[in-house]
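Participant: This one is query-v2.cif, mmCIF, C-alpha atoms.
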data_start
loop_
_atom_site.label_atom_id
_atom_site.label_comp_id
_atom_site.auth_asym_id
_atom_site.auth_seq_id
_atom_site.Cartn_x
_atom_site.Cartn_y
_atom_site.Cartn_z
CA MET A 1 -3.83 -24.00 -1.88
CA GLY A 2 -5.41 -24.05 -5.33
CA SER A 3 -8.10 -21.43 -5.80
CA GLY A 4 -7.64 -19.76 -2.45
CA GLY A 5 -8.33 -19.97 1.28
CA THR A 6 -6.32 -20.11 4.47
CA ALA A 7 -2.63 -20.97 4.30
CA SER A 8 -1.06 -21.29 7.74
CA GLU A 9 1.37 -24.14 7.11
CA ALA A 10 4.14 -22.29 5.26
CA SER A 11 6.92 -20.35 7.00
CA THR A 12 9.98 -18.57 5.64
CA THR A 13 12.54 -15.87 6.35
CA CYS A 14 11.34 -12.26 6.58
CA ARG A 15 12.76 -10.30 3.67
CA VAL A 16 13.02 -7.09 5.73
CA CYS A 17 14.01 -7.87 9.32
CA GLY A 18 15.66 -11.22 8.46
CA ALA A 19 13.84 -13.29 11.07
CA ALA A 20 14.62 -16.92 10.17
CA ALA A 21 11.44 -18.94 9.60
CA GLY A 22 9.59 -15.90 10.92
CA VAL A 23 6.95 -15.48 8.20
CA ARG A 24 3.81 -17.55 8.63
CA ALA A 25 1.40 -17.77 5.71
CA PHE A 26 -2.26 -16.99 6.38
CA LEU A 27 -4.02 -16.46 3.03
CA SER A 28 -3.73 -18.03 -0.41
CA LEU A 29 -5.41 -16.22 -3.29
CA GLY A 30 -4.44 -18.88 -5.83
CA ASP A 31 -2.54 -18.31 -9.06
CA GLN A 32 -2.76 -14.68 -10.10
CA PRO A 33 -1.44 -12.60 -13.03
CA LEU A 34 0.33 -9.34 -12.28
CA GLY A 35 -2.26 -6.82 -11.15
CA ASN A 36 -1.31 -4.07 -13.61
CA ALA A 37 -0.52 -6.30 -16.59
CA PHE A 38 -3.41 -5.13 -18.77
CA ILE A 39 -2.87 -6.57 -22.23
CA PRO A 40 -4.36 -6.60 -25.72
CA ALA A 41 -6.45 -9.68 -26.43
CA SER A 42 -3.78 -10.85 -28.86
CA ALA A 43 -1.31 -11.29 -25.96
CA ILE A 44 -3.48 -13.57 -23.80
CA ALA A 45 -1.59 -16.71 -24.83
CA SER A 46 1.69 -15.35 -23.40
CA GLU A 47 0.23 -14.21 -20.08
CA ARG A 48 1.95 -15.47 -16.92
CA GLU A 49 0.53 -16.24 -13.48
CA PHE A 50 2.21 -16.86 -10.13
CA PRO A 51 0.95 -18.13 -6.73
CA LEU A 52 -0.21 -15.27 -4.48
CA THR A 53 0.11 -16.20 -0.80
CA MET A 54 0.29 -13.68 2.05
CA GLY A 55 2.19 -14.17 5.31
CA VAL A 56 3.11 -12.15 8.39
CA CYS A 57 6.44 -11.92 10.24
CA SER A 58 6.25 -12.87 13.90
CA ARG A 59 9.11 -10.49 14.78
CA CYS A 60 8.51 -7.24 12.86
CA HIS A 61 4.80 -7.89 12.09
CA LEU A 62 5.25 -7.08 8.41
CA VAL A 63 2.63 -8.61 6.10
CA GLN A 64 4.32 -9.72 2.89
CA ILE A 65 3.99 -11.94 -0.17
CA VAL A 66 5.57 -15.26 0.74
CA ALA A 67 7.04 -15.90 -2.73
CA PRO A 68 7.17 -12.73 -4.89
CA ALA A 69 6.83 -12.84 -8.66
CA PRO A 70 10.10 -12.46 -10.63
CA VAL A 71 11.70 -9.02 -10.55
CA GLU A 72 11.87 -8.72 -14.33
CA ALA A 73 8.15 -9.39 -14.70
CA ILE A 74 7.18 -6.70 -12.20
CA GLU A 75 9.62 -4.11 -13.57
CA GLN A 76 8.20 -4.67 -17.05
CA VAL A 77 4.74 -3.84 -15.73
CA TYR A 78 5.90 -0.53 -14.28
CA ARG A 79 7.69 0.48 -17.44
CA ASN A 80 4.35 0.05 -19.20
CA TYR A 81 2.26 1.37 -16.29
CA SER A 82 -1.11 2.73 -17.35
CA TYR A 83 -2.61 4.28 -14.21
CA VAL A 84 -3.12 7.98 -13.66
CA PRO A 85 -5.29 9.39 -10.84
CA THR A 86 -8.79 10.15 -12.11
CA GLY A 87 -11.96 11.45 -10.49
CA ALA A 88 -12.87 14.16 -8.02
CA THR A 89 -12.17 11.97 -4.98
CA LEU A 90 -8.48 11.49 -5.77
CA ALA A 91 -8.02 15.09 -6.91
CA GLN A 92 -9.43 16.27 -3.60
CA HIS A 93 -7.30 13.81 -1.66
CA TYR A 94 -4.00 14.86 -3.19
CA GLY A 95 -4.94 18.49 -2.77
CA ALA A 96 -5.64 17.86 0.91
CA LEU A 97 -2.41 15.88 1.27
CA ALA A 98 -0.45 18.80 -0.21
CA GLY A 99 -2.12 21.09 2.30
CA ASP A 100 -1.24 18.76 5.20
CA ILE A 101 2.39 18.54 4.09
CA VAL A 102 2.69 22.31 4.00
CA ARG A 103 0.93 22.66 7.38
CA ILE A 104 2.95 19.99 9.21
CA VAL A 105 6.38 20.52 7.64
CA GLU A 106 6.18 24.34 7.31
CA PRO A 107 8.68 24.39 4.43
CA LYS A 108 10.58 27.51 3.50
CA ALA A 109 9.27 29.44 0.49
CA GLU A 110 11.73 28.00 -2.02
CA ALA A 111 11.92 24.49 -0.61
CA GLN A 112 12.82 21.62 -2.94
CA PHE A 113 10.14 18.94 -3.10
CA LEU A 114 10.67 15.52 -4.66
CA ASP A 115 7.88 13.01 -5.27
CA ILE A 116 8.99 9.44 -5.92
CA GLY A 117 6.60 7.45 -8.07
CA SER A 118 5.24 10.85 -9.06
CA ASN A 119 2.85 9.64 -11.78
CA ASP A 120 1.48 12.65 -13.68
CA GLY A 121 2.66 15.08 -10.98
CA LEU A 122 -0.72 15.64 -9.30
CA LEU A 123 0.72 15.93 -5.78
CA LEU A 124 3.57 18.19 -6.88
CA ARG A 125 1.24 20.46 -8.82
CA SER A 126 -0.98 20.69 -5.73
CA ILE A 127 2.02 21.64 -3.60
CA ARG A 128 3.07 24.34 -6.05
CA GLU A 129 -0.42 25.83 -5.86
CA ARG A 130 0.11 26.27 -2.10
CA VAL A 131 3.80 27.24 -2.19
CA PRO A 132 4.21 29.11 -5.51
CA ALA A 133 7.99 29.56 -5.14
CA ALA A 134 8.57 25.90 -4.34
CA ARG A 135 10.89 23.91 -6.58
CA ILE A 136 9.43 20.56 -7.58
CA GLY A 137 10.68 17.38 -9.22
CA GLY A 138 9.46 13.85 -9.72
CA VAL A 139 10.81 10.36 -10.38
CA GLU A 140 8.49 8.12 -12.42
CA PRO A 141 9.29 4.70 -13.98
CA SER A 142 6.71 4.81 -16.78
CA PRO A 143 7.99 6.70 -19.85
CA ARG A 144 4.46 7.50 -21.01
CA ILE A 145 3.34 8.91 -17.69
CA ALA A 146 6.62 10.78 -17.12
CA GLU A 147 6.02 12.55 -20.42
CA ILE A 148 2.48 13.45 -19.35
CA ALA A 149 3.91 14.97 -16.16
CA ARG A 150 6.46 17.02 -18.10
CA SER A 151 3.72 18.32 -20.38
CA LEU A 152 1.94 19.53 -17.23
CA GLY A 153 5.01 21.46 -16.09
CA VAL A 154 6.50 18.95 -13.65
CA PRO A 155 10.25 18.25 -14.16
CA THR A 156 10.41 14.45 -14.09
CA ILE A 157 13.21 11.89 -14.12
CA ASN A 158 12.11 8.74 -15.92
CA GLY A 159 13.28 5.63 -14.06
CA PHE A 160 13.07 3.58 -10.89
CA PHE A 161 14.32 5.29 -7.74
CA ASP A 162 17.57 3.59 -6.70
CA SER A 163 21.11 4.67 -5.85
CA ALA A 164 21.80 5.82 -9.41
CA ALA A 165 18.53 7.77 -9.51
CA ALA A 166 19.48 9.38 -6.19
CA ASP A 167 22.69 10.62 -7.79
CA GLU A 168 20.70 12.07 -10.69
CA VAL A 169 18.26 13.74 -8.30
CA MET A 170 21.10 15.50 -6.45
CA SER A 171 22.76 16.51 -9.72
CA ARG A 172 19.56 17.94 -11.13
CA PHE A 173 17.65 19.23 -8.10
CA GLY A 174 20.21 19.40 -5.27
CA ARG A 175 19.44 18.33 -1.71
CA ILE A 176 15.76 17.69 -0.99
CA ASP A 177 13.77 19.40 1.75
CA VAL A 178 10.64 17.27 1.47
CA ALA A 179 10.57 13.87 -0.20
CA SER A 180 7.27 12.05 -0.66
CA ALA A 181 6.30 8.60 -1.84
CA THR A 182 2.59 7.85 -1.95
CA GLN A 183 1.37 4.34 -2.76
CA VAL A 184 4.99 3.38 -3.50
CA LEU A 185 6.88 1.77 -0.60
CA GLN A 186 4.70 -1.35 -0.53
CA HIS A 187 5.84 -2.08 -4.09
CA ILE A 188 9.61 -1.86 -3.48
CA ARG A 189 11.56 -5.16 -3.51
CA ASP A 190 14.20 -3.86 -1.07
CA PRO A 191 12.48 -1.12 0.94
CA GLU A 192 15.43 -0.61 3.32
CA ALA A 193 17.79 0.15 0.42
CA PHE A 194 15.13 2.46 -1.05
CA LEU A 195 14.83 4.39 2.22
CA ARG A 196 18.61 4.64 2.60
CA SER A 197 18.76 6.23 -0.85
CA VAL A 198 16.08 8.72 0.24
CA ALA A 199 18.08 9.50 3.39
CA ARG A 200 21.14 10.24 1.24
CA ILE A 201 19.40 12.96 -0.79
CA LEU A 202 17.64 14.72 2.09
CA ASN A 203 18.88 17.83 3.79
CA PRO A 204 19.78 17.06 7.44
CA ASP A 205 16.49 18.56 8.61
CA GLY A 206 14.52 17.18 5.65
CA VAL A 207 11.26 15.28 5.92
CA LEU A 208 10.04 12.09 4.30
CA VAL A 209 6.29 11.68 3.76
CA LEU A 210 4.97 8.18 3.10
CA GLU A 211 1.41 7.15 2.36
CA GLY A 212 0.23 3.66 1.47
CA ARG A 213 -3.17 2.11 1.03
CA ALA A 214 -1.93 -1.30 2.19
CA TYR A 215 -2.60 -0.62 5.90
CA PHE A 216 -3.55 -3.93 7.43
CA PRO A 217 -6.05 -2.74 10.10
CA ASP A 218 -8.09 -1.16 7.28
CA VAL A 219 -7.66 -4.24 5.09
CA ALA A 220 -8.95 -6.45 7.92
CA GLU A 221 -11.84 -4.15 8.79
CA LYS A 222 -13.07 -3.93 5.19
CA ILE A 223 -12.11 -7.52 4.28
CA SER A 224 -10.39 -5.91 1.30
CA PHE A 225 -8.38 -8.91 0.14
CA ASP A 226 -8.14 -7.25 -3.27
CA THR A 227 -5.50 -5.00 -1.68
CA PHE A 228 -3.10 -7.89 -2.33
CA TYR A 229 -1.68 -8.34 -5.82
CA HIS A 230 1.77 -9.32 -7.06
CA GLU A 231 3.17 -5.81 -7.44
CA LEU A 232 2.19 -5.02 -3.84
CA LEU A 233 4.88 -6.86 -1.89
CA TYR A 234 4.11 -5.56 1.61
CA CYS A 235 1.14 -4.52 3.72
CA PHE A 236 2.21 -2.22 6.54
CA THR A 237 1.19 -1.42 10.07
CA LEU A 238 2.80 1.40 11.99
CA HIS A 239 4.54 -1.29 14.06
CA SER A 240 6.25 -2.75 10.99
CA LEU A 241 6.82 0.57 9.22
CA GLU A 242 8.45 2.15 12.25
CA GLN A 243 10.92 -0.75 12.49
CA LEU A 244 11.71 -0.54 8.76
CA LEU A 245 12.27 3.21 8.87
CA GLY A 246 14.50 2.77 11.91
CA LEU A 247 16.75 0.39 9.97
CA ALA A 248 17.28 3.16 7.39
CA GLY A 249 18.02 5.89 9.94
CA PHE A 250 14.60 7.54 10.19
CA THR A 251 12.33 8.39 13.12
CA VAL A 252 8.56 8.77 12.72
CA PHE A 253 7.33 12.03 14.26
CA HIS A 254 3.73 12.08 13.04
CA ALA A 255 1.28 9.45 11.80
CA GLU A 256 -2.34 9.49 10.69
CA ARG A 257 -4.89 7.35 8.92
CA SER A 258 -6.62 8.34 5.70
CA ASP A 259 -9.72 6.99 3.95
CA VAL A 260 -8.18 7.20 0.47
CA TYR A 261 -7.98 3.97 -1.54
CA GLY A 262 -10.16 2.25 1.04
CA GLY A 263 -7.82 3.09 3.93
CA SER A 264 -4.22 4.31 4.04
CA LEU A 265 -1.51 5.02 6.60
CA ARG A 266 0.43 8.29 6.32
CA VAL A 267 3.64 8.96 8.21
CA PHE A 268 6.04 11.88 8.47
CA ALA A 269 9.61 10.87 9.28
CA GLN A 270 12.90 12.69 9.84
CA LEU A 271 16.51 11.62 9.92
CA ARG A 272 17.56 10.28 13.30
CA ASN A 273 20.72 12.38 13.00
CA GLY A 274 19.60 15.87 12.07
CA GLY A 275 15.84 15.98 12.59
CA THR A 276 14.63 18.33 15.32
CA ARG A 277 10.86 17.85 15.27
CA ALA A 278 9.20 16.48 18.42
CA VAL A 279 7.46 13.10 18.16
CA GLN A 280 3.73 13.81 18.28
CA ALA A 281 1.11 11.90 20.27
CA SER A 282 -0.39 10.62 17.02
CA VAL A 283 2.39 8.01 16.77
CA GLY A 284 1.69 6.45 20.15
CA ASN A 285 -2.06 6.61 19.60
CA ILE A 286 -1.91 4.55 16.42
CA LEU A 287 0.53 2.03 17.93
CA THR A 288 -1.83 1.56 20.87
CA ALA A 289 -4.81 1.08 18.54
CA GLU A 290 -2.89 -1.54 16.56
CA ILE A 291 -2.13 -3.52 19.71
CA ALA A 292 -5.82 -3.40 20.63
CA ALA A 293 -6.63 -4.74 17.15
CA GLY A 294 -4.39 -7.76 17.72
CA ILE A 295 -1.59 -6.83 15.32
CA PRO A 296 1.21 -8.51 17.33
CA GLY A 297 -0.58 -11.89 17.24
CA PHE A 298 -1.55 -14.33 14.47
CA GLU A 299 -5.25 -14.76 15.23
CA VAL A 300 -6.30 -11.52 13.52
CA TYR A 301 -4.74 -12.76 10.26
CA ALA A 302 -6.27 -16.24 10.46
CA THR A 303 -9.70 -14.74 11.16
CA PHE A 304 -9.27 -12.39 8.21
CA ALA A 305 -8.65 -15.34 5.89
CA LEU A 306 -11.89 -17.02 6.98
CA ARG A 307 -13.83 -13.81 6.37
CA VAL A 308 -12.30 -13.51 2.89
CA ALA A 309 -13.56 -16.97 1.94
CA ALA A 310 -17.03 -16.07 3.22
CA VAL A 311 -17.14 -12.88 1.14
CA ARG A 312 -16.22 -14.78 -2.01
CA THR A 313 -19.05 -17.26 -1.42
CA ARG A 314 -21.59 -14.50 -0.86
CA LEU A 315 -20.49 -12.48 -3.90
CA SER A 316 -20.59 -15.59 -6.10
CA THR A 317 -24.11 -16.33 -4.92
CA THR A 318 -25.29 -12.77 -5.60
CA VAL A 319 -23.88 -12.79 -9.13
CA SER A 320 -25.12 -16.30 -9.93
CA GLU A 321 -28.65 -15.45 -8.87
CA LEU A 322 -28.71 -12.42 -11.17
CA LEU A 323 -27.31 -14.36 -14.11
CA SER A 324 -29.87 -17.13 -13.59
CA THR A 325 -32.63 -14.63 -14.37
CA GLY A 326 -30.98 -13.74 -17.69
CA ALA A 327 -29.62 -10.42 -16.41
CA THR A 328 -26.50 -8.88 -17.92
CA ILE A 329 -23.66 -7.42 -15.84
CA ALA A 330 -20.88 -4.96 -16.66
CA GLY A 331 -18.04 -3.80 -14.43
CA TYR A 332 -17.05 -0.28 -13.39
CA GLY A 333 -13.37 0.49 -12.90
CA ALA A 334 -10.25 -1.47 -13.79
CA PRO A 335 -7.81 -0.84 -10.91
CA SER A 336 -4.91 -3.16 -10.18
CA THR A 337 -6.83 -4.41 -7.15
CA GLY A 338 -9.59 -5.56 -9.47
CA THR A 339 -7.29 -8.22 -10.91
CA THR A 340 -7.23 -10.12 -7.62
CA LEU A 341 -10.93 -9.55 -6.97
CA LEU A 342 -12.05 -10.84 -10.36
CA ARG A 343 -9.62 -13.77 -10.55
CA TYR A 344 -10.16 -15.01 -6.99
CA CYS A 345 -13.94 -14.78 -7.32
CA GLY A 346 -14.09 -16.28 -10.81
CA LEU A 347 -15.62 -13.21 -12.47
CA GLY A 348 -14.42 -13.38 -16.06
CA HIS A 349 -15.77 -12.51 -19.50
CA ASP A 350 -18.43 -15.21 -19.08
CA VAL A 351 -19.87 -13.10 -16.24
CA LEU A 352 -19.04 -9.50 -17.19
CA GLN A 353 -19.84 -8.24 -20.68
CA TYR A 354 -17.24 -5.47 -20.37
CA ILE A 355 -15.67 -3.11 -17.85
CA VAL A 356 -15.68 0.66 -18.20
CA ASP A 357 -12.73 2.76 -17.08
CA ASP A 358 -12.01 6.44 -17.65
CA ASN A 359 -8.28 5.88 -18.17
CA PRO A 360 -7.70 5.95 -21.95
CA LEU A 361 -4.45 4.01 -21.50
CA LYS A 362 -6.47 0.94 -20.45
CA GLN A 363 -9.30 1.22 -22.94
CA GLY A 364 -9.11 -1.41 -25.68
CA LEU A 365 -7.16 -3.82 -23.46
CA VAL A 366 -8.42 -6.76 -21.38
CA THR A 367 -8.16 -7.42 -17.67
CA PRO A 368 -5.28 -9.63 -16.49
CA GLY A 369 -6.26 -13.25 -15.99
CA THR A 370 -9.99 -12.80 -16.54
CA HIS A 371 -9.74 -11.13 -19.97
CA VAL A 372 -12.76 -8.84 -19.73
CA PRO A 373 -12.58 -6.09 -22.39
CA ILE A 374 -12.16 -2.53 -21.11
CA SER A 375 -14.28 0.21 -22.71
CA PRO A 376 -14.86 3.93 -22.14
CA SER A 377 -17.79 4.97 -19.94
CA SER A 378 -19.88 5.66 -23.04
CA ALA A 379 -20.43 1.89 -23.31
CA LEU A 380 -22.88 2.13 -20.40
CA VAL A 381 -25.08 4.34 -22.59
CA GLU A 382 -24.51 2.52 -25.87
CA ARG A 383 -24.79 -1.01 -24.45
CA PRO A 384 -26.38 -0.63 -21.02
CA PRO A 385 -26.28 -3.71 -18.78
CA ASP A 386 -28.95 -4.69 -16.28
CA PHE A 387 -26.50 -4.43 -13.38
CA VAL A 388 -23.13 -2.81 -12.75
CA LEU A 389 -20.47 -4.44 -10.56
CA VAL A 390 -18.35 -1.68 -9.03
CA ILE A 391 -14.85 -3.13 -9.08
CA ALA A 392 -13.34 0.19 -7.95
CA TRP A 393 -15.56 0.00 -4.85
CA ARG A 394 -13.25 2.27 -2.81
CA LEU A 395 -14.61 5.17 -4.88
CA ARG A 396 -18.19 4.24 -4.02
CA GLU A 397 -19.77 7.68 -3.70
CA ASP A 398 -17.92 9.11 -6.69
CA ILE A 399 -19.06 6.23 -8.91
CA LEU A 400 -22.62 6.24 -7.61
CA SER A 401 -22.91 9.90 -8.58
CA ARG A 402 -21.63 9.11 -12.08
CA LEU A 403 -24.08 6.24 -12.47
CA ALA A 404 -27.08 8.18 -11.13
CA PRO A 405 -28.23 9.54 -14.54
CA LEU A 406 -28.11 6.03 -16.03
CA ARG A 407 -30.01 4.16 -13.35
CA GLY A 408 -33.71 3.49 -13.64
CA ASP A 409 -35.42 1.88 -16.60
CA ARG A 410 -32.33 0.08 -17.95
CA ILE A 411 -29.67 -0.24 -15.26
CA LYS A 412 -31.59 -1.89 -12.48
CA GLY A 413 -28.98 -2.00 -9.77
CA VAL A 414 -25.38 -1.63 -8.64
CA ILE A 415 -23.34 -4.38 -6.98
CA PHE A 416 -20.64 -3.51 -4.45
CA PRO A 417 -18.36 -6.50 -3.77
CA LEU A 418 -16.72 -5.18 -0.61
CA PRO A 419 -16.60 -4.70 2.33
CA THR A 420 -19.75 -6.87 2.23
CA PRO A 421 -21.36 -7.87 -1.05
CA GLU A 422 -24.33 -5.54 -1.53
CA LEU A 423 -26.89 -5.06 -4.28
CA VAL A 424 -28.20 -1.47 -4.43
CA ARG A 425 -31.33 -1.19 -6.54
#
For the file at hand, write its structure as structure tokens.
Facilitator:
Amino acid sequence: MGSGGTASEASTTCRVCGAAAGVRAFLSLGDQPLGNAFIPASAIASEREFPLTMGVCSRCHLVQIVAPAPVEAIEQVYRNYSYVPTGATLAQHYGALAGDIVRIVEPKAEAQFLDIGSNDGLLLRSIRERVPAARIGGVEPSPRIAEIARSLGVPTINGFFDSAAADEVMSRFGRIDVASATQVLQHIRDPEAFLRSVARILNPDGVLVLEGRAYFPDVAEKISFDTFYHELLYCFTLHSLEQLLGLAGFTVFHAERSDVYGGSLRVFAQLRNGGTRAVQASVGNILTAEIAAGIPGFEVYATFALRVAAVRTRLSTTVSELLSTGATIAGYGAPSTGTTLLRYCGLGHDVLQYIVDDNPLKQGLVTPGTHVPISPSSALVERPPDFVLVIAWRLREDILSRLAPLRGDRIKGVIFPLPTPELVR
């Protein structure tokens, strides 16, 4: 489909439920680099891109990348992963999530918690604040970030969570009472095998907590096409997630929506054989809402693709009009989602002077595909632009508060690309 647009002609086999010719493509975002493949400028020549097309399965309703990027390319990204949660919004969210886990699960005082894809251990540290006697452990594929977690007092296994990692977890931590995976499952190549490995390490009455920002009703509502990037292989609904969990022997007993990362789905699941918790009304309520939103059909996905194209046109017009006056623009935030946003909308170094990001692991690198240099926030003071494009738009209020002291005589306005392109002066 070239640079992007609708893509309803392709169909293939669902990689989760196995429906033959069940996946129908609905959106092409063109050739895209890996979302988290931030690189030094010297490595631009060796950068790789792959077609990014999204489809939906007519049987299990799972939104998925039609042709995923090679496994070795994606695994290399996660070994060199450079994201750690920053900002008050995320700190508050993970603190609240820890509180919800303790409230809903009611773990015993010395329960064993395991966080998969544990990053720097923020969730586990928040849990330990609420359950001081709790035993905690994490599994994190990035060596750098695993070391950060250990330095913060979180025992962490460095590696991808698979069958071998499950063996190591049981050897080191024993059976798990509460396993969590936030912003993880949508990135797993074989999610059923992943969930079966989780089931193997849980106590019979253990609980699995999943949270993922790729919740399609939120994606559709906010037109947040930047949710899709190569490392994110799936975009869930409760319909599709419930079927997947069922294949691995789990039953969902509670579900809720969260505003974090622009909209996430959170589920609490137990083993079908062993779990004793009653299924709460929240599960049926969300399933009913998804049906009302048109999830079982194809029209909602086709309409979404048309809205995506319209947003790109409007954002391009807004930026072009500013540049035509001689204005300068810098970006704020370099999340993985920004890779798709910038590449699909053609916002490269010819448009953005630089991007600021508070993560020191990204500073000094350039954005994948668009090659905009990433600087610390001090660049906004040292080299203030006329306008700031907020690439990490999901943290709108947090970023607006940070920009407030700088706005006025020099920074004339702030551009939010999504849900609807908006210039705030």
Participant: Find, counting only C-alpha atoms, the residue in A:Met54, A:Val351, A:Leu124, A:Ala292 that gets nearest to A:Thr12.
Facilitator: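 Of all the options, A:Met54 lies closest to A:Thr12.
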Participant: Using all atoms listed in the file, which of A:Gly369, A:Tyr229, A:Glu299, A:Leu265 sits nearest A:Ala25?
Facilitator: A:Glu299
Participant: Taking the point (13.5, 25.8, -0.9) as given in the file, collect each protein or nucleic acid residue that comes within 10 Å of it, counting only C-alpha atoms, and present the set as a count of residues only.
Facilitator: 16
Participant: For A:Arg15, which residue among A:Glu192, A:Asp409, A:Asp162, A:Asp115 is the nearest when counting all atoms listed in the file?
Facilitator: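 Closest to A:Arg15, using all atoms listed in the file: A:Glu192.
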Participant: For the PyMOL selection byres ((chain A and resi 183) around 7), applied here, can you spell out every residue it catches as a list in words?
Facilitator: Ala181, Thr182, Val184, Leu185, Gln186, Glu211, Gly212 and Arg213 of chain A
Participant: To test your reading of the syntax: which residues would the PyMOL selection byres ((chain A and resi 214) around 10) return for the file shown? Reply as a PyMOL selection string.
Facilitator: chain A and resi 63+183+185-186+211-213+215-219+224+227-228+232-237+261-265
Participant: Mind listing whatever residues come within 10 Å of the point (7.0, 18.9, -12.9)? Use only C-alpha atoms, file coordinates, and give them as a short mmCIF file (atom, residue, chain, number, x, y, z; two decimals) with C-alpha atoms, in the coordinates of the input.
Facilitator:
data_model
loop_
_atom_site.label_atom_id
_atom_site.label_comp_id
_atom_site.auth_asym_id
_atom_site.auth_seq_id
_atom_site.Cartn_x
_atom_site.Cartn_y
_atom_site.Cartn_z
CA LEU A 114 10.67 15.52 -4.66
CA ASP A 115 7.88 13.01 -5.27
CA SER A 118 5.24 10.85 -9.06
CA ASP A 120 1.48 12.65 -13.68
CA GLY A 121 2.66 15.08 -10.98
CA LEU A 122 -0.72 15.64 -9.30
CA LEU A 123 0.72 15.93 -5.78
CA LEU A 124 3.57 18.19 -6.88
CA ARG A 125 1.24 20.46 -8.82
CA ARG A 128 3.07 24.34 -6.05
CA ARG A 135 10.89 23.91 -6.58
CA ILE A 136 9.43 20.56 -7.58
CA GLY A 137 10.68 17.38 -9.22
CA GLY A 138 9.46 13.85 -9.72
CA VAL A 139 10.81 10.36 -10.38
CA ALA A 146 6.62 10.78 -17.12
CA GLU A 147 6.02 12.55 -20.42
CA ILE A 148 2.48 13.45 -19.35
CA ALA A 149 3.91 14.97 -16.16
CA ARG A 150 6.46 17.02 -18.10
CA SER A 151 3.72 18.32 -20.38
CA LEU A 152 1.94 19.53 -17.23
CA GLY A 153 5.01 21.46 -16.09
CA VAL A 154 6.50 18.95 -13.65
CA PRO A 155 10.25 18.25 -14.16
CA THR A 156 10.41 14.45 -14.09
CA ILE A 157 13.21 11.89 -14.12
#
Participant: Atom CA of A:Leu361 to atom CA of A:Ala41: how many Å, to one decimal?
Facilitator: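 Atom CA of A:Ala41 lies 14.7 Å from atom CA of A:Leu361.
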Participant: I want to know what sits within 12 Å of A:Ile291, based on all atoms listed in the file, with residues of the same chain fewer than 2 positions away left out; could you give that as number ranges by chain?
Facilitator: A: 61, 217, 237-239, 284-289, 293-297, 300
Participant: Could you jot down the atom CA of A:Arg24 to atom CA of A:Ala220 separation for me, Å, one decimal place?
Facilitator: 16.9 Å
Participant: Could you please determine the separation between atom CA of A:Val283 and atom CA of A:Leu395 in Å, to one decimal place?
Facilitator: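 Result for atom CA of A:Val283 versus atom CA of A:Leu395: 27.7 Å, one decimal.
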Participant: Check what the PyMOL selection byres ((chain A and resi 365) around 9) selects in the file above and give those residues as a PyMOL selection string.
Facilitator: chain A and resi 38-41+361-364+366-367+371-375
Participant: Fewer than 3 positions away in the same chain doesn't count, so skip those; otherwise give me all residues within 9 Å of A:Thr337, counting all atoms listed in the file, as a list of chain:residue names.
Facilitator: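 Returned residues: A:Gly35, A:Asn36, A:Phe225, A:Asp226, A:Thr227, A:Phe228, A:Tyr229, A:Ala334, A:Thr340, A:Leu341, A:Leu342, A:Ile391, A:Ala392.
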Participant: Could you give me, as a short mmCIF file (atom, residue, chain, number, x, y, z; two decimals) with C-alpha atoms, keeping the file's coordinate frame, the residues within 8 Å of stretch 70-74 of chain A, counting all atoms listed in the file and dropping anything in the same chain fewer than 3 positions from it?
Facilitator:
data_model
loop_
_atom_site.label_atom_id
_atom_site.label_comp_id
_atom_site.auth_asym_id
_atom_site.auth_seq_id
_atom_site.Cartn_x
_atom_site.Cartn_y
_atom_site.Cartn_z
CA LEU A 34 0.33 -9.34 -12.28
CA VAL A 77 4.74 -3.84 -15.73
CA TYR A 78 5.90 -0.53 -14.28
CA HIS A 230 1.77 -9.32 -7.06
CA GLU A 231 3.17 -5.81 -7.44
#
Participant: So which one's closest to A:Ser46, A:Arg200, A:Gly206, A:Pro368, A:Ser180? Using all atoms listed in the file, please.
Facilitator: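 Looking at the shortest contact to A:Ser46, the residue is A:Pro368.
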Participant: Taking all atoms listed in the file into account, which of A:Leu52, A:Cys60, A:Ile201, A:Leu400 comes nearest A:Ala19?
Facilitator: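 Of all the options, A:Cys60 lies closest to A:Ala19.
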Participant: Can you list, as a VMD selection string, every protein, DNA or RNA residue that comes within 12 Å of A:Leu97 when you count all atoms listed in the file, leaving out same-chain residues fewer than 2 positions away?
Facilitator: chain A and resid 90 to 95 99 to 105 122 to 127 130 180 to 182 209 to 211 256 to 260 266 to 268
